[in-house]
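Data block below; observations after.
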Amino acid sequence: MASLVENLITVLSEECDEYEIVLGLARSKTPVIVAGDLDALGKITEDEQSHADRLQNLDSTRSKVTADIANVLNRDVKELKLRTLIGLLDKSPAEQKKLAEVYDRLTTVVHELARVNDQNSELLKSSLEMVDFELNLLNSLKAAPETANYSRANYTGGTLGVTRGTFDAKQ
């Protein structure tokens with residue numbers, strides 16, 4: 001059992017290290033988003049993806065170790081949470097302390113990562129709204145404006161530069 005808990009602590013520590021790297025990348029994305037540097041944003045996103053793949057592998061390993069621990073303890077793996085396991089390690093205070101520390105560290109990093117990702121998401125939404133506004137502005141400038149032309153032909157709200165009945169078939 002002790003070796004399984006040590007394996008779990010090792011995997012959780014590695015996961016925490018990866019999340020800290022992803023957190024650093026997420027923080028570096030914020031000024032890149034503000035600056036609108038799409039090339040740098042693409043590079044950071046590629047780096048994040050490689051770490052996300054590593055995290056997925058670590059998560060799979062953690063699930064296997066947790067299942068092994070649940071089998072040894074004769075518990076349902078779905079109900080065995082880290083907090084529960086920490087409580088069950090009363091007879092091994094050193095392992096209990098290590099597991100509690102890595103759990104707290106992992107929880108803190110994941111919450112901070114979620115906060116930074118939410119912030120970056122809002123910045124991206126704002127950037128997209130600004131691009132949409134600028135596109136609408138450009139499109140509206142291309143349209144011919146309605147004028148207050150006082151000739152009889154345009155008195156009914158005609159559009160500047162448009163005359164009726166002139167079709168040039170030669171074009």
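Labels used: A, B, ... for chains in the order of the structure tokens, numbers from 1 for residues in each chain, and numbers from 1 for ligands as shown.
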
Select from segment 118-137 of chain A every residue with an atom at most 9 Å from any atom of segment 28-46 of chain A, then for each give the shortest pair of atoms and their distance in Å to one decimal, using only C-alpha atoms, rows by chain and rising number, as a tab-separated table.
```
residue	atom	partner	partner_atom	distance
A:Gln119	CA	A:Thr30	CA	8.0
A:Asn120	CA	A:Thr30	CA	5.9
A:Leu123	CA	A:Ile33	CA	6.9
A:Leu124	CA	A:Ile33	CA	6.8
A:Ser127	CA	A:Val34	CA	8.0
```

Pick out the residues sitting within 12 Å of Gln49 of chain A, and hand them over as a short mmCIF file (atom, residue, chain, number, x, y, z; two decimals) with N, CA and C atoms, in the first residue's frame; count only C-alpha atoms, and ignore anything fewer than 5 positions along from it in its own chain.
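The result, stored in part_22.cif:
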```cif
data_model
loop_
_atom_site.label_atom_id
_atom_site.label_comp_id
_atom_site.auth_asym_id
_atom_site.auth_seq_id
_atom_site.Cartn_x
_atom_site.Cartn_y
_atom_site.Cartn_z
N GLU A 18 3.36 20.11 -14.32
CA GLU A 18 2.85 20.40 -15.67
C GLU A 18 1.82 21.53 -15.63
N TYR A 19 0.94 21.50 -14.64
CA TYR A 19 -0.06 22.57 -14.52
C TYR A 19 0.61 23.92 -14.25
N ILE A 21 3.51 24.82 -15.41
CA ILE A 21 4.03 25.25 -16.70
C ILE A 21 2.90 25.83 -17.55
N VAL A 22 1.76 25.14 -17.57
CA VAL A 22 0.60 25.62 -18.34
C VAL A 22 0.11 26.96 -17.78
N LEU A 25 2.32 29.61 -19.14
CA LEU A 25 1.97 29.87 -20.54
C LEU A 25 0.69 30.70 -20.63
N ALA A 26 -0.29 30.37 -19.80
CA ALA A 26 -1.55 31.12 -19.82
C ALA A 26 -1.32 32.58 -19.41
N GLY A 42 -0.38 31.71 -31.38
CA GLY A 42 -0.36 30.37 -31.95
C GLY A 42 0.75 29.52 -31.36
N LYS A 43 1.93 30.12 -31.17
CA LYS A 43 3.07 29.40 -30.60
C LYS A 43 2.77 28.97 -29.16
N ILE A 44 2.21 29.88 -28.39
CA ILE A 44 1.88 29.56 -26.99
C ILE A 44 0.83 28.45 -26.94
N ARG A 54 0.65 15.72 -22.23
CA ARG A 54 1.39 15.12 -21.11
C ARG A 54 0.47 14.99 -19.89
N LEU A 55 -0.35 16.01 -19.65
CA LEU A 55 -1.28 15.96 -18.52
C LEU A 55 -2.31 14.83 -18.69
N GLN A 56 -2.72 14.60 -19.91
CA GLN A 56 -3.68 13.53 -20.17
C GLN A 56 -3.05 12.17 -19.84
#
```

Q: Taking the DSSP assignment computed from this structure's backbone, write out as a PyMOL selection string all residues of chain A that belong to alpha helix (DSSP H).
A: chain A and resi 2-35+38-73+82-88+93-142

Q: Write out as a ChimeraX atom specification the residues lying within 6 Å of segment 107-115 of chain A, counting only C-alpha atoms and excluding same-chain residues fewer than 3 positions away.
A: /A:23,104,118

Q. Using only C-alpha atoms, which residues sit within 10 Å of segment 60-66 of chain A once same-chain residues fewer than 4 positions away are excluded, as a VMD selection string?
A. chain A and resid 4 to 12 15 54 to 56 70 to 72 77 to 78 80 to 82 85
